[in-house]
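Below is one structure; the comments refer to it alone.
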Amino acid sequence: MTKNYHCGDLLSPALESLIEKKLGKLDRFDLSENANVDVHMTKEGADFVMKMQLQADGINLMAKAKSNDMYKNIDECVDRLTSQLKEQK
(Lines give C-alpha, C1' and ligand atoms only; values in the text may rest on other atoms or scores of the structure.)
Protein backbone atom coordinates (compact mmCIF):
# COMPACT_ATOMS: atom_id res chain seq x y z
CA MET A 1 0.00 0.00 0.00
CA THR A 2 1.37 3.38 -1.01
CA LYS A 3 0.88 6.28 1.37
CA ASN A 4 1.07 9.90 0.26
CA TYR A 5 1.21 12.63 2.88
CA HIS A 6 -0.07 16.16 2.33
CA CYS A 7 0.42 17.60 5.78
CA GLY A 8 2.93 20.40 5.45
CA ASP A 9 4.88 21.02 8.63
CA LEU A 10 2.28 19.23 10.80
CA LEU A 11 3.79 15.80 10.08
CA SER A 12 6.58 14.75 12.41
CA PRO A 13 8.47 11.45 12.05
CA ALA A 14 6.71 10.12 15.16
CA LEU A 15 3.28 11.05 13.80
CA GLU A 16 4.07 9.49 10.43
CA SER A 17 5.14 6.30 12.19
CA LEU A 18 1.87 6.22 14.14
CA ILE A 19 -0.20 6.74 10.98
CA GLU A 20 1.73 3.92 9.26
CA LYS A 21 1.03 1.63 12.21
CA LYS A 22 -2.68 2.47 12.32
CA LEU A 23 -3.08 2.09 8.55
CA GLY A 24 -1.47 -1.34 8.93
CA LYS A 25 -4.86 -2.48 10.28
CA LEU A 26 -6.19 -2.25 6.73
CA ASP A 27 -3.80 -5.01 5.60
CA ARG A 28 -6.24 -7.65 6.81
CA PHE A 29 -8.55 -6.72 3.94
CA ASP A 30 -6.06 -8.09 1.38
CA LEU A 31 -5.97 -4.92 -0.69
CA SER A 32 -3.99 -5.04 -3.91
CA GLU A 33 -0.41 -3.84 -4.00
CA ASN A 34 -1.67 -0.86 -6.04
CA ALA A 35 -3.69 0.39 -3.06
CA ASN A 36 -3.09 4.05 -2.37
CA VAL A 37 -3.89 6.17 0.68
CA ASP A 38 -3.73 9.95 0.58
CA VAL A 39 -3.43 11.53 4.02
CA HIS A 40 -4.26 15.23 4.32
CA MET A 41 -3.89 17.15 7.55
CA THR A 42 -4.53 20.86 8.08
CA LYS A 43 -5.00 23.17 11.01
CA GLU A 44 -8.14 25.29 11.24
CA GLY A 45 -8.04 27.55 14.25
CA ALA A 46 -7.59 25.34 17.30
CA ASP A 47 -8.66 22.20 15.42
CA PHE A 48 -6.85 19.72 13.22
CA VAL A 49 -8.65 18.37 10.16
CA MET A 50 -7.61 14.99 8.80
CA LYS A 51 -8.80 13.40 5.59
CA MET A 52 -7.81 9.96 4.38
CA GLN A 53 -8.72 8.73 0.93
CA LEU A 54 -8.23 5.08 0.00
CA GLN A 55 -8.19 3.89 -3.59
CA ALA A 56 -7.85 0.17 -4.27
CA ASP A 57 -9.40 -2.60 -6.30
CA GLY A 58 -11.91 -0.27 -7.97
CA ILE A 59 -13.10 1.33 -4.75
CA ASN A 60 -12.65 4.89 -3.57
CA LEU A 61 -13.28 5.53 0.13
CA MET A 62 -12.85 8.67 2.21
CA ALA A 63 -12.84 9.45 5.91
CA LYS A 64 -12.68 12.84 7.58
CA ALA A 65 -12.28 13.89 11.20
CA LYS A 66 -11.97 17.26 12.90
CA SER A 67 -10.98 17.89 16.51
CA ASN A 68 -8.29 19.54 18.59
CA ASP A 69 -6.55 16.15 18.99
CA MET A 70 -4.75 14.89 15.88
CA TYR A 71 -4.24 11.45 17.45
CA LYS A 72 -8.00 11.09 17.90
CA ASN A 73 -8.44 12.11 14.26
CA ILE A 74 -6.08 9.36 13.12
CA ASP A 75 -8.01 6.71 15.05
CA GLU A 76 -11.35 8.03 13.82
CA CYS A 77 -10.31 8.10 10.16
CA VAL A 78 -8.82 4.61 10.24
CA ASP A 79 -11.93 3.29 12.02
CA ARG A 80 -14.17 4.86 9.38
CA LEU A 81 -12.10 3.40 6.54
CA THR A 82 -12.22 0.00 8.25
CA SER A 83 -16.02 0.19 8.54
CA GLN A 84 -16.36 1.19 4.89
CA LEU A 85 -14.10 -1.67 3.80
CA LYS A 86 -16.18 -4.14 5.80
CA GLU A 87 -19.27 -2.93 3.94
CA GLN A 88 -17.47 -3.31 0.58
CA LYS A 89 -16.15 -6.85 1.14
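Each chain in the C-alpha coordinates gets a letter, A, B, ..., in the order shown, and its residues are numbered from 1; ligands are numbered from 1 in order too.
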### Task
Find the residues around stretch 77-83 of chain A up to 10 Å (only C-alpha atoms counted), leave out those fewer than 2 positions away in its own chain, and share them as a list in words.
Ile19, Lys22, Leu23, Gly24, Lys25, Leu26, Arg28, Phe29, Val39, Met50, Lys51, Met52, Gln53, Leu54, Leu61, Met62, Ala63, Lys64, Ala65, Lys66, Lys72, Asn73, Ile74, Asp75, Leu85, Lys86, Glu87 and Gln88 of chain A
### Message
Among chain A, which ones does DSSP assign to strand (DSSP E or B) (computed from the backbone)? Answer as number ranges by chain.
### Response
A: 2-6, 36-44, 47-56, 59-67
Write out, as a short mmCIF file (atom, residue, chain, number, x, y, z; two decimals), in the first residue's frame, the residues just selected, with N, CA, C and O atoms.
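Once everything was written out, this is again28.cif:
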data_model
loop_
_atom_site.label_atom_id
_atom_site.label_comp_id
_atom_site.auth_asym_id
_atom_site.auth_seq_id
_atom_site.Cartn_x
_atom_site.Cartn_y
_atom_site.Cartn_z
N THR A 2 0.61 2.13 -0.93
CA THR A 2 1.37 3.38 -1.01
C THR A 2 0.66 4.44 -0.18
O THR A 2 -0.56 4.57 -0.24
N LYS A 3 1.44 5.20 0.56
CA LYS A 3 0.88 6.28 1.37
C LYS A 3 1.49 7.60 0.93
O LYS A 3 2.69 7.72 0.81
N ASN A 4 0.63 8.57 0.67
CA ASN A 4 1.07 9.90 0.26
C ASN A 4 0.61 10.90 1.32
O ASN A 4 -0.58 10.92 1.66
N TYR A 5 1.52 11.68 1.82
CA TYR A 5 1.21 12.63 2.88
C TYR A 5 1.18 14.05 2.33
O TYR A 5 2.08 14.47 1.63
N HIS A 6 0.11 14.76 2.70
CA HIS A 6 -0.07 16.16 2.33
C HIS A 6 -0.39 16.90 3.63
O HIS A 6 -1.54 17.24 3.89
N ASN A 36 -3.68 2.75 -2.60
CA ASN A 36 -3.09 4.05 -2.37
C ASN A 36 -3.91 4.78 -1.31
O ASN A 36 -5.14 4.83 -1.40
N VAL A 37 -3.22 5.36 -0.33
CA VAL A 37 -3.89 6.17 0.68
C VAL A 37 -3.28 7.57 0.66
O VAL A 37 -2.07 7.72 0.79
N ASP A 38 -4.15 8.56 0.48
CA ASP A 38 -3.73 9.95 0.58
C ASP A 38 -4.14 10.46 1.95
O ASP A 38 -5.31 10.35 2.33
N VAL A 39 -3.18 11.00 2.69
CA VAL A 39 -3.43 11.53 4.02
C VAL A 39 -3.24 13.04 3.97
O VAL A 39 -2.16 13.52 3.64
N HIS A 40 -4.30 13.77 4.29
CA HIS A 40 -4.26 15.23 4.32
C HIS A 40 -4.51 15.69 5.74
O HIS A 40 -5.45 15.20 6.39
N MET A 41 -3.69 16.60 6.22
CA MET A 41 -3.89 17.15 7.55
C MET A 41 -3.67 18.66 7.48
O MET A 41 -2.67 19.12 6.93
N THR A 42 -4.63 19.41 8.02
CA THR A 42 -4.53 20.86 8.08
C THR A 42 -4.93 21.34 9.47
O THR A 42 -5.51 20.57 10.25
N LYS A 43 -4.62 22.56 9.73
CA LYS A 43 -5.00 23.17 11.01
C LYS A 43 -5.97 24.29 10.71
O LYS A 43 -5.71 25.14 9.87
N GLU A 44 -7.12 24.26 11.38
CA GLU A 44 -8.14 25.29 11.24
C GLU A 44 -8.44 25.85 12.62
O GLU A 44 -9.13 25.22 13.41
N ASP A 47 -8.38 23.58 15.81
CA ASP A 47 -8.66 22.20 15.42
C ASP A 47 -7.72 21.70 14.32
O ASP A 47 -7.21 22.48 13.52
N PHE A 48 -7.56 20.40 14.30
CA PHE A 48 -6.85 19.72 13.22
C PHE A 48 -7.89 19.00 12.38
O PHE A 48 -8.81 18.40 12.91
N VAL A 49 -7.75 19.06 11.07
CA VAL A 49 -8.65 18.37 10.16
C VAL A 49 -7.83 17.32 9.43
O VAL A 49 -6.79 17.62 8.86
N MET A 50 -8.30 16.08 9.48
CA MET A 50 -7.61 14.99 8.80
C MET A 50 -8.56 14.34 7.82
O MET A 50 -9.71 14.07 8.14
N LYS A 51 -8.05 14.11 6.61
CA LYS A 51 -8.80 13.40 5.59
C LYS A 51 -7.92 12.27 5.10
O LYS A 51 -6.73 12.46 4.86
N MET A 52 -8.50 11.11 4.95
CA MET A 52 -7.81 9.96 4.38
C MET A 52 -8.65 9.43 3.23
O MET A 52 -9.85 9.20 3.41
N GLN A 53 -8.03 9.26 2.10
CA GLN A 53 -8.72 8.73 0.93
C GLN A 53 -8.00 7.47 0.49
O GLN A 53 -6.81 7.48 0.23
N LEU A 54 -8.75 6.38 0.39
CA LEU A 54 -8.23 5.08 0.00
C LEU A 54 -8.75 4.71 -1.37
O LEU A 54 -9.96 4.75 -1.62
N GLN A 55 -7.83 4.37 -2.25
CA GLN A 55 -8.19 3.89 -3.59
C GLN A 55 -7.54 2.53 -3.78
O GLN A 55 -6.32 2.41 -3.67
N ALA A 56 -8.37 1.54 -4.07
CA ALA A 56 -7.85 0.17 -4.27
C ALA A 56 -8.93 -0.70 -4.88
O ALA A 56 -10.10 -0.58 -4.52
N ILE A 59 -12.32 0.60 -5.75
CA ILE A 59 -13.10 1.33 -4.75
C ILE A 59 -12.39 2.63 -4.39
O ILE A 59 -11.18 2.75 -4.51
N ASN A 60 -13.18 3.59 -3.97
CA ASN A 60 -12.65 4.89 -3.57
C ASN A 60 -13.37 5.29 -2.29
O ASN A 60 -14.57 5.60 -2.33
N LEU A 61 -12.67 5.25 -1.17
CA LEU A 61 -13.28 5.53 0.13
C LEU A 61 -12.63 6.76 0.75
O LEU A 61 -11.44 7.02 0.53
N MET A 62 -13.40 7.50 1.54
CA MET A 62 -12.85 8.67 2.21
C MET A 62 -13.36 8.76 3.63
O MET A 62 -14.51 8.42 3.92
N ALA A 63 -12.48 9.22 4.51
CA ALA A 63 -12.84 9.45 5.91
C ALA A 63 -12.31 10.81 6.31
O ALA A 63 -11.23 11.22 5.88
N LYS A 64 -13.07 11.50 7.14
CA LYS A 64 -12.68 12.84 7.58
C LYS A 64 -12.98 12.98 9.06
O LYS A 64 -14.00 12.49 9.55
N ALA A 65 -12.07 13.64 9.78
CA ALA A 65 -12.28 13.89 11.20
C ALA A 65 -11.74 15.27 11.54
O ALA A 65 -10.75 15.72 10.96
N LYS A 66 -12.39 15.92 12.48
CA LYS A 66 -11.97 17.26 12.90
C LYS A 66 -12.09 17.36 14.41
O LYS A 66 -13.16 17.11 14.97
N SER A 67 -10.99 17.68 15.06
CA SER A 67 -10.98 17.89 16.51
C SER A 67 -9.68 18.60 16.88
O SER A 67 -8.83 18.83 16.03
#
List the neighbours of A:Asp57 out to 8 Å using only C-alpha atoms; skip same-chain residues closer than 4 positions along the sequence, and give me the result as a PDB file with all heavy atoms, in the first residue's frame.
ATOM      1  N   LEU A  31      -5.904  -5.897   0.394  1.00  0.00           N
ATOM      2  CA  LEU A  31      -5.973  -4.925  -0.691  1.00  0.00           C
ATOM      3  C   LEU A  31      -4.838  -5.186  -1.664  1.00  0.00           C
ATOM      4  O   LEU A  31      -3.789  -5.709  -1.294  1.00  0.00           O
ATOM      5  CB  LEU A  31      -5.864  -3.505  -0.134  1.00  0.00           C
ATOM      6  CG  LEU A  31      -6.952  -3.108   0.865  1.00  0.00           C
ATOM      7  CD1 LEU A  31      -6.616  -1.773   1.517  1.00  0.00           C
ATOM      8  CD2 LEU A  31      -8.299  -3.043   0.181  1.00  0.00           C
ATOM      9  N   SER A  32      -5.028  -4.810  -2.907  1.00  0.00           N
ATOM     10  CA  SER A  32      -3.993  -5.036  -3.908  1.00  0.00           C
ATOM     11  C   SER A  32      -2.757  -4.208  -3.590  1.00  0.00           C
ATOM     12  O   SER A  32      -2.812  -3.247  -2.823  1.00  0.00           O
ATOM     13  CB  SER A  32      -4.517  -4.673  -5.292  1.00  0.00           C
ATOM     14  OG  SER A  32      -4.687  -3.279  -5.401  1.00  0.00           O
ATOM     15  N   ASN A  34      -1.471  -2.192  -5.454  1.00  0.00           N
ATOM     16  CA  ASN A  34      -1.665  -0.864  -6.036  1.00  0.00           C
ATOM     17  C   ASN A  34      -2.474   0.046  -5.116  1.00  0.00           C
ATOM     18  O   ASN A  34      -2.750   1.179  -5.486  1.00  0.00           O
ATOM     19  CB  ASN A  34      -2.444  -0.926  -7.355  1.00  0.00           C
ATOM     20  CG  ASN A  34      -2.036  -2.031  -8.259  1.00  0.00           C
ATOM     21  OD1 ASN A  34      -1.174  -2.825  -7.949  1.00  0.00           O
ATOM     22  ND2 ASN A  34      -2.671  -2.089  -9.395  1.00  0.00           N
ATOM     23  N   ALA A  35      -2.894  -0.431  -3.963  1.00  0.00           N
ATOM     24  CA  ALA A  35      -3.694   0.386  -3.056  1.00  0.00           C
ATOM     25  C   ALA A  35      -2.927   1.657  -2.702  1.00  0.00           C
ATOM     26  O   ALA A  35      -1.714   1.646  -2.521  1.00  0.00           O
ATOM     27  CB  ALA A  35      -4.020  -0.398  -1.789  1.00  0.00           C
TER      28      ALA A  35
END
